[in-house]
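Below: work_14.tsv (TSV, C-alpha atoms)
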```
chain	number	residue	atom	x	y	z
A	1	MET	CA	0.00	0.00	0.00
A	2	LYS	CA	2.85	2.39	0.81
A	3	GLN	CA	4.39	1.68	-2.60
A	4	ILE	CA	1.16	2.56	-4.40
A	5	LEU	CA	0.78	5.73	-2.33
A	6	GLY	CA	4.39	6.69	-3.09
A	7	ILE	CA	3.85	6.15	-6.82
A	8	LEU	CA	0.68	8.24	-6.75
A	9	ILE	CA	2.46	11.08	-4.96
A	10	LEU	CA	5.30	10.91	-7.47
A	11	LEU	CA	2.88	11.00	-10.41
A	12	ILE	CA	0.89	13.90	-8.99
A	13	SER	CA	4.06	15.88	-8.28
A	14	THR	CA	5.25	15.49	-11.90
A	15	LEU	CA	1.97	16.68	-13.48
A	16	PRO	CA	2.78	20.40	-13.15
A	17	ALA	CA	6.15	19.82	-14.84
A	18	PHE	CA	4.45	18.12	-17.81
A	19	SER	CA	1.91	20.93	-17.99
A	20	GLN	CA	4.64	23.58	-17.92
A	21	ALA	CA	6.62	21.77	-20.62
A	22	TYR	CA	3.50	21.38	-22.76
A	23	ASN	CA	2.67	25.08	-22.44
A	24	LYS	CA	6.29	26.00	-23.21
A	25	PHE	CA	6.21	24.08	-26.49
A	26	VAL	CA	2.84	25.58	-27.46
A	27	ARG	CA	4.14	29.11	-26.75
A	28	LYS	CA	7.32	28.44	-28.72
A	29	GLY	CA	5.22	27.11	-31.58
A	30	ASN	CA	2.99	30.18	-31.46
A	31	ASP	CA	6.02	32.49	-31.56
A	32	LYS	CA	7.40	30.65	-34.58
A	33	TYR	CA	4.00	30.64	-36.26
A	34	GLU	CA	3.75	34.42	-35.87
A	35	LYS	CA	7.18	34.70	-37.51
A	36	LYS	CA	5.85	32.54	-40.37
A	37	GLU	CA	8.28	29.75	-39.43
A	38	PHE	CA	5.61	27.12	-39.97
A	39	GLN	CA	7.82	24.02	-40.11
A	40	GLU	CA	9.48	24.96	-36.82
A	41	ALA	CA	6.07	25.72	-35.30
A	42	GLU	CA	4.86	22.29	-36.40
A	43	ILE	CA	7.79	20.66	-34.60
A	44	ASP	CA	7.01	22.49	-31.36
A	45	TYR	CA	3.31	21.66	-31.57
A	46	ARG	CA	4.16	17.99	-32.12
A	47	LYS	CA	6.46	18.09	-29.07
A	48	ALA	CA	3.62	19.60	-27.04
A	49	LEU	CA	1.27	16.85	-28.22
A	50	GLU	CA	3.77	14.20	-27.15
A	51	LEU	CA	3.27	15.53	-23.62
A	52	ASN	CA	-0.47	16.09	-23.86
A	53	GLU	CA	-1.88	13.86	-26.59
A	54	GLY	CA	-5.28	14.94	-27.79
A	55	SER	CA	-4.99	18.52	-26.56
A	56	ALA	CA	-7.41	20.67	-28.54
A	57	LYS	CA	-5.11	23.70	-28.46
A	58	GLY	CA	-2.04	21.78	-29.61
A	59	THR	CA	-3.92	19.83	-32.26
A	60	PHE	CA	-5.69	22.93	-33.60
A	61	ASN	CA	-2.42	24.88	-33.77
A	62	LEU	CA	-0.73	21.94	-35.47
A	63	GLY	CA	-3.51	21.97	-38.06
A	64	ASP	CA	-2.91	25.67	-38.67
A	65	ALA	CA	0.84	25.12	-39.13
A	66	LEU	CA	0.21	22.23	-41.52
A	67	TYR	CA	-2.29	24.31	-43.49
A	68	GLN	CA	0.25	27.11	-43.89
A	69	GLN	CA	2.69	24.54	-45.28
A	70	GLU	CA	0.00	23.49	-47.78
A	71	ASN	CA	-0.25	20.05	-46.20
A	72	TYR	CA	-4.02	20.08	-46.53
A	73	PRO	CA	-4.73	16.38	-45.92
A	74	GLU	CA	-2.89	16.42	-42.59
A	75	SER	CA	-4.35	19.76	-41.56
A	76	ALA	CA	-7.82	18.39	-42.30
A	77	LYS	CA	-7.12	15.42	-40.03
A	78	SER	CA	-6.09	17.74	-37.20
A	79	PHE	CA	-9.17	19.95	-37.53
A	80	ALA	CA	-11.48	16.93	-37.81
A	81	GLU	CA	-9.96	15.51	-34.63
A	82	VAL	CA	-10.53	18.74	-32.73
A	83	ALA	CA	-14.11	19.08	-34.00
A	84	ALA	CA	-14.96	15.51	-33.02
A	85	SER	CA	-13.29	15.45	-29.62
A	86	ASN	CA	-14.16	18.84	-28.16
A	87	ASP	CA	-17.29	19.91	-26.28
A	88	ASP	CA	-16.69	23.66	-26.63
A	89	VAL	CA	-19.07	24.89	-29.36
A	90	GLU	CA	-16.83	27.82	-30.32
A	91	ILE	CA	-13.79	25.58	-30.75
A	92	GLN	CA	-15.90	23.11	-32.75
A	93	ALA	CA	-17.11	25.91	-35.03
A	94	ASP	CA	-13.55	27.12	-35.63
A	95	ALA	CA	-12.32	23.58	-36.25
A	96	TYR	CA	-15.11	22.85	-38.75
A	97	HIS	CA	-14.42	26.18	-40.49
A	98	ASN	CA	-10.73	25.34	-40.86
A	99	LEU	CA	-11.57	21.77	-41.88
A	100	GLY	CA	-13.74	23.23	-44.62
A	101	ASN	CA	-10.87	25.43	-45.79
A	102	SER	CA	-8.48	22.45	-45.88
A	103	LEU	CA	-10.96	20.37	-47.86
A	104	LEU	CA	-11.61	23.30	-50.20
A	105	LYS	CA	-7.89	23.48	-50.99
A	106	GLU	CA	-7.99	19.75	-51.81
A	107	LYS	CA	-10.90	20.44	-54.19
A	108	LYS	CA	-13.14	18.22	-52.08
A	109	TYR	CA	-16.00	20.65	-52.51
A	110	ALA	CA	-18.89	18.51	-51.27
A	111	GLU	CA	-16.97	17.61	-48.11
A	112	SER	CA	-15.94	21.22	-47.54
A	113	ILE	CA	-19.57	22.30	-47.89
A	114	GLU	CA	-20.56	19.84	-45.19
A	115	ALA	CA	-17.77	21.10	-42.90
A	116	PHE	CA	-18.87	24.71	-43.40
A	117	LYS	CA	-22.48	23.72	-42.67
A	118	ASN	CA	-21.32	22.04	-39.45
A	119	ALA	CA	-19.44	25.22	-38.51
A	120	LEU	CA	-22.58	27.28	-39.10
A	121	ARG	CA	-24.64	24.87	-36.98
A	122	LYS	CA	-22.26	25.71	-34.13
A	123	ASN	CA	-21.98	29.44	-34.91
A	124	PRO	CA	-24.76	30.63	-37.25
A	125	ALA	CA	-23.57	34.25	-37.19
A	126	ASP	CA	-20.09	33.59	-38.64
A	127	LEU	CA	-19.94	35.68	-41.82
A	128	ASP	CA	-16.59	34.24	-42.96
A	129	THR	CA	-18.00	30.73	-42.84
A	130	LYS	CA	-21.13	31.85	-44.72
A	131	TYR	CA	-18.94	33.36	-47.42
A	132	ASN	CA	-16.76	30.24	-47.64
A	133	LEU	CA	-19.84	28.03	-47.85
A	134	ALA	CA	-21.23	30.07	-50.76
A	135	TYR	CA	-17.83	29.99	-52.46
A	136	ALA	CA	-17.52	26.21	-52.05
A	137	MET	CA	-21.04	25.74	-53.40
A	138	GLU	CA	-20.16	27.82	-56.47
A	139	LEU	CA	-16.97	25.81	-57.04
A	140	LEU	CA	-18.90	22.55	-56.74
A	141	LYS	CA	-21.45	23.82	-59.26
A	142	GLN	CA	-18.65	24.75	-61.68
A	143	GLN	CA	-16.98	21.37	-61.19
A	144	GLN	CA	-20.24	19.56	-61.90
A	145	GLN	CA	-20.83	21.66	-65.03
A	146	GLN	CA	-17.32	20.88	-66.28
A	147	GLN	CA	-17.87	17.17	-65.69
A	148	GLN	CA	-21.19	17.36	-67.51
A	149	GLN	CA	-19.54	19.16	-70.43
A	150	GLN	CA	-16.79	16.53	-70.59
A	151	LYS	CA	-19.39	13.75	-70.73
A	152	GLN	CA	-21.19	15.50	-73.55
A	153	ASP	CA	-17.95	15.98	-75.47
A	154	GLN	CA	-17.18	12.26	-75.36
```
What do you get writing this file as structure tokens?
Amino acid sequence: MKQILGILILLISTLPAFSQAYNKFVRKGNDKYEKKEFQEAEIDYRKALELNEGSAKGTFNLGDALYQQENYPESAKSFAEVAASNDDVEIQADAYHNLGNSLLKEKKYAESIEAFKNALRKNPADLDTKYNLAYAMELLKQQQQQQQQQKQDQ
């Protein structure tokens, strides 16, 4: 029993150190992101996530850094993870918005439309998301018209 109690005390006493290290890596990543050093920011966010796997802040910021590096499939994964695993409606709305942007860059218009709709379900007043939704719908319409034209030409 004393061994278990000793282990518990040791674990509890190390939690603040992990939290401080996690926050340090997130801050360093944020500083590098602001300097447009996106690869370096990604590294720091990944280090933070090694200490606090599944952290919404770290995962969201990682998604932003990946997006800036034009790694849209990986950024989409990060934003989808945040949207699915977070209870905060505002964070979900932001994650769905960014997911929509990542999917839009991949020309996955139907999927991006759904992500933007999910963002608006969480935050109906978001004008940027409304604009992006309309834009994605227009791009999907154009894509469908081009596909229809190609079928007719064949």
For the contact check between segment 88-111 of chain A and segment 61-72 of chain A, emit one row per residue of segment 88-111 of chain A within 10 Å, containing the shortest atom pair and the distance in Å rounded to one decimal, counting only C-alpha atoms, chain then rising number order, as CSV.
```
residue,atom,partner,partner_atom,distance
A:Ala95,CA,A:Gly63,CA,9.1
A:Asn98,CA,A:Asp64,CA,8.1
A:Leu99,CA,A:Gly63,CA,8.9
A:Asn101,CA,A:Tyr72,CA,8.7
A:Ser102,CA,A:Tyr72,CA,5.1
A:Leu103,CA,A:Tyr72,CA,7.1
A:Leu104,CA,A:Tyr72,CA,9.0
A:Lys105,CA,A:Tyr72,CA,6.8
A:Glu106,CA,A:Tyr72,CA,6.6
```
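Put simply, atom CA of Leu127 of chain A is 21.6 Å away from atom CA of Lys107 of chain A.
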A:Ala56, A:Ala110, A:Leu49, A:Ala76: which is nearest Leu140 of chain A, counting only C-alpha atoms?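 So, comparing all the options, the nearest one is A:Ala110.
Pairwise distance (atom CA of Leu120 of chain A, atom CA of Ala41 of chain A) equals 28.9 Å.
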Would you work out the distance separating atom CA of Arg46 of chain A from atom CA of Lys108 of chain A, expressed in Å to one decimal?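 Atom CA of Lys108 of chain A lies at a distance of 26.4 Å from atom CA of Arg46 of chain A.
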Which of these residues is nearest to Leu139 of chain A, using only C-alpha atoms: A:Asn86, A:Asn123, A:Gln92, A:Ser112?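 Comparing A:Asn86, A:Asn123, A:Gln92, A:Ser112 against Leu139 of chain A, the winner is A:Ser112.
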Can you work out which one of A:Gly100, A:Gln148, A:Ser78, A:Glu111 has the shortest atom-to-atom distance to Tyr131 of chain A, counting all atoms listed in the file?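 Of all the options, A:Gly100 lies closest to Tyr131 of chain A.
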Test item: residues at most 9 Å from Asp44 of chain A, only C-alpha atoms, excluding those fewer than 6 positions along its chain, as number ranges by chain: A: 24-30, 32, 62
Compare A:Glu114, A:Glu74, A:Glu40, A:Asp126 by their minimum atom-to-atom distance to Glu90 of chain A, counting only C-alpha atoms, and give me the closest one.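 Result for the nearest residue to Glu90 of chain A: A:Asp126.
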Starting from 3 Å padding per side, set up an axis-aligned box that covers all listed atoms of segment 141-154 of chain A and hand over centre and edge lengths in Å, one decimal, as AutoDock Vina command-line options.
```
--center_x -19.1 --center_y 18.5 --center_z -67.4 --size_x 10.7 --size_y 18.5 --size_z 22.2
```
Return the single residue from A:Gln150, A:Ile113, A:Ala119, A:Val82 that is closest to Glu138 of chain A, with distances computed using only C-alpha atoms. A:Ile113
Counting all atoms listed in the file, the residue of A:Gln143, A:Thr59, A:Lys122, A:Thr129 that sits nearest Asp88 of chain A: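 Checking each candidate against Asp88 of chain A, we get A:Lys122 as the closest.
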Is it possible to add all heavy atoms to segment 85-96 of chain A and hand it back as a PDB file, keeping the file's coordinate frame?
```pdb
ATOM      1  N   SER A  85     -13.650  15.807 -30.998  1.00  0.00           N
ATOM      2  CA  SER A  85     -13.290  15.450 -29.620  1.00  0.00           C
ATOM      3  C   SER A  85     -13.489  16.588 -28.622  1.00  0.00           C
ATOM      4  O   SER A  85     -13.125  16.439 -27.464  1.00  0.00           O
ATOM      5  CB  SER A  85     -11.837  14.993 -29.569  1.00  0.00           C
ATOM      6  OG  SER A  85     -10.972  16.058 -29.878  1.00  0.00           O
ATOM      7  N   ASN A  86     -14.060  17.704 -29.053  1.00  0.00           N
ATOM      8  CA  ASN A  86     -14.160  18.840 -28.160  1.00  0.00           C
ATOM      9  C   ASN A  86     -15.619  19.178 -27.890  1.00  0.00           C
ATOM     10  O   ASN A  86     -16.447  19.116 -28.796  1.00  0.00           O
ATOM     11  CB  ASN A  86     -13.449  20.051 -28.771  1.00  0.00           C
ATOM     12  CG  ASN A  86     -13.066  21.066 -27.739  1.00  0.00           C
ATOM     13  OD1 ASN A  86     -13.930  21.747 -27.215  1.00  0.00           O
ATOM     14  ND2 ASN A  86     -11.785  21.152 -27.435  1.00  0.00           N
ATOM     15  N   ASP A  87     -15.922  19.558 -26.657  1.00  0.00           N
ATOM     16  CA  ASP A  87     -17.290  19.910 -26.280  1.00  0.00           C
ATOM     17  C   ASP A  87     -17.570  21.402 -26.397  1.00  0.00           C
ATOM     18  O   ASP A  87     -18.720  21.816 -26.384  1.00  0.00           O
ATOM     19  CB  ASP A  87     -17.575  19.467 -24.833  1.00  0.00           C
ATOM     20  CG  ASP A  87     -17.560  17.957 -24.685  1.00  0.00           C
ATOM     21  OD1 ASP A  87     -17.850  17.254 -25.672  1.00  0.00           O
ATOM     22  OD2 ASP A  87     -17.264  17.475 -23.579  1.00  0.00           O
ATOM     23  N   ASP A  88     -16.534  22.212 -26.535  1.00  0.00           N
ATOM     24  CA  ASP A  88     -16.690  23.660 -26.630  1.00  0.00           C
ATOM     25  C   ASP A  88     -17.223  24.018 -28.032  1.00  0.00           C
ATOM     26  O   ASP A  88     -16.556  23.774 -29.037  1.00  0.00           O
ATOM     27  CB  ASP A  88     -15.354  24.341 -26.373  1.00  0.00           C
ATOM     28  CG  ASP A  88     -15.450  25.853 -26.329  1.00  0.00           C
ATOM     29  OD1 ASP A  88     -15.980  26.437 -27.292  1.00  0.00           O
ATOM     30  OD2 ASP A  88     -14.985  26.445 -25.350  1.00  0.00           O
ATOM     31  N   VAL A  89     -18.406  24.596 -28.091  1.00  0.00           N
ATOM     32  CA  VAL A  89     -19.070  24.890 -29.360  1.00  0.00           C
ATOM     33  C   VAL A  89     -18.245  25.862 -30.205  1.00  0.00           C
ATOM     34  O   VAL A  89     -18.166  25.714 -31.428  1.00  0.00           O
ATOM     35  CB  VAL A  89     -20.500  25.439 -29.106  1.00  0.00           C
ATOM     36  CG1 VAL A  89     -21.174  25.858 -30.384  1.00  0.00           C
ATOM     37  CG2 VAL A  89     -21.334  24.393 -28.392  1.00  0.00           C
ATOM     38  N   GLU A  90     -17.638  26.845 -29.584  1.00  0.00           N
ATOM     39  CA  GLU A  90     -16.830  27.820 -30.320  1.00  0.00           C
ATOM     40  C   GLU A  90     -15.612  27.161 -30.961  1.00  0.00           C
ATOM     41  O   GLU A  90     -15.286  27.427 -32.129  1.00  0.00           O
ATOM     42  CB  GLU A  90     -16.398  28.947 -29.382  1.00  0.00           C
ATOM     43  CG  GLU A  90     -15.757  30.114 -30.083  1.00  0.00           C
ATOM     44  CD  GLU A  90     -15.454  31.261 -29.127  1.00  0.00           C
ATOM     45  OE1 GLU A  90     -16.279  31.531 -28.237  1.00  0.00           O
ATOM     46  OE2 GLU A  90     -14.388  31.879 -29.295  1.00  0.00           O
ATOM     47  N   ILE A  91     -14.956  26.296 -30.209  1.00  0.00           N
ATOM     48  CA  ILE A  91     -13.790  25.580 -30.750  1.00  0.00           C
ATOM     49  C   ILE A  91     -14.240  24.649 -31.875  1.00  0.00           C
ATOM     50  O   ILE A  91     -13.576  24.558 -32.908  1.00  0.00           O
ATOM     51  CB  ILE A  91     -13.066  24.800 -29.632  1.00  0.00           C
ATOM     52  CG1 ILE A  91     -12.394  25.789 -28.670  1.00  0.00           C
ATOM     53  CG2 ILE A  91     -12.035  23.843 -30.209  1.00  0.00           C
ATOM     54  CD1 ILE A  91     -11.821  25.171 -27.419  1.00  0.00           C
ATOM     55  N   GLN A  92     -15.375  23.973 -31.685  1.00  0.00           N
ATOM     56  CA  GLN A  92     -15.900  23.110 -32.750  1.00  0.00           C
ATOM     57  C   GLN A  92     -16.169  23.911 -34.015  1.00  0.00           C
ATOM     58  O   GLN A  92     -15.824  23.482 -35.113  1.00  0.00           O
ATOM     59  CB  GLN A  92     -17.186  22.420 -32.302  1.00  0.00           C
ATOM     60  CG  GLN A  92     -16.983  21.298 -31.328  1.00  0.00           C
ATOM     61  CD  GLN A  92     -18.317  20.675 -30.912  1.00  0.00           C
ATOM     62  OE1 GLN A  92     -19.354  21.336 -30.894  1.00  0.00           O
ATOM     63  NE2 GLN A  92     -18.272  19.406 -30.573  1.00  0.00           N
ATOM     64  N   ALA A  93     -16.798  25.070 -33.870  1.00  0.00           N
ATOM     65  CA  ALA A  93     -17.110  25.910 -35.030  1.00  0.00           C
ATOM     66  C   ALA A  93     -15.833  26.311 -35.765  1.00  0.00           C
ATOM     67  O   ALA A  93     -15.765  26.221 -37.000  1.00  0.00           O
ATOM     68  CB  ALA A  93     -17.894  27.142 -34.596  1.00  0.00           C
ATOM     69  N   ASP A  94     -14.824  26.728 -35.014  1.00  0.00           N
ATOM     70  CA  ASP A  94     -13.550  27.120 -35.630  1.00  0.00           C
ATOM     71  C   ASP A  94     -12.877  25.933 -36.317  1.00  0.00           C
ATOM     72  O   ASP A  94     -12.313  26.067 -37.407  1.00  0.00           O
ATOM     73  CB  ASP A  94     -12.611  27.724 -34.593  1.00  0.00           C
ATOM     74  CG  ASP A  94     -13.072  29.090 -34.095  1.00  0.00           C
ATOM     75  OD1 ASP A  94     -13.937  29.714 -34.752  1.00  0.00           O
ATOM     76  OD2 ASP A  94     -12.570  29.527 -33.039  1.00  0.00           O
ATOM     77  N   ALA A  95     -12.944  24.775 -35.671  1.00  0.00           N
ATOM     78  CA  ALA A  95     -12.320  23.580 -36.250  1.00  0.00           C
ATOM     79  C   ALA A  95     -13.040  23.166 -37.535  1.00  0.00           C
ATOM     80  O   ALA A  95     -12.386  22.834 -38.539  1.00  0.00           O
ATOM     81  CB  ALA A  95     -12.334  22.439 -35.230  1.00  0.00           C
ATOM     82  N   TYR A  96     -14.370  23.193 -37.529  1.00  0.00           N
ATOM     83  CA  TYR A  96     -15.110  22.850 -38.750  1.00  0.00           C
ATOM     84  C   TYR A  96     -14.832  23.864 -39.860  1.00  0.00           C
ATOM     85  O   TYR A  96     -14.711  23.493 -41.033  1.00  0.00           O
ATOM     86  CB  TYR A  96     -16.612  22.773 -38.477  1.00  0.00           C
ATOM     87  CG  TYR A  96     -17.063  21.469 -37.873  1.00  0.00           C
ATOM     88  CD1 TYR A  96     -17.748  21.436 -36.666  1.00  0.00           C
ATOM     89  CD2 TYR A  96     -16.835  20.255 -38.518  1.00  0.00           C
ATOM     90  CE1 TYR A  96     -18.175  20.236 -36.116  1.00  0.00           C
ATOM     91  CE2 TYR A  96     -17.253  19.056 -37.976  1.00  0.00           C
ATOM     92  CZ  TYR A  96     -17.926  19.050 -36.773  1.00  0.00           C
ATOM     93  OH  TYR A  96     -18.353  17.855 -36.233  1.00  0.00           O
TER      94      TYR A  96
END
```
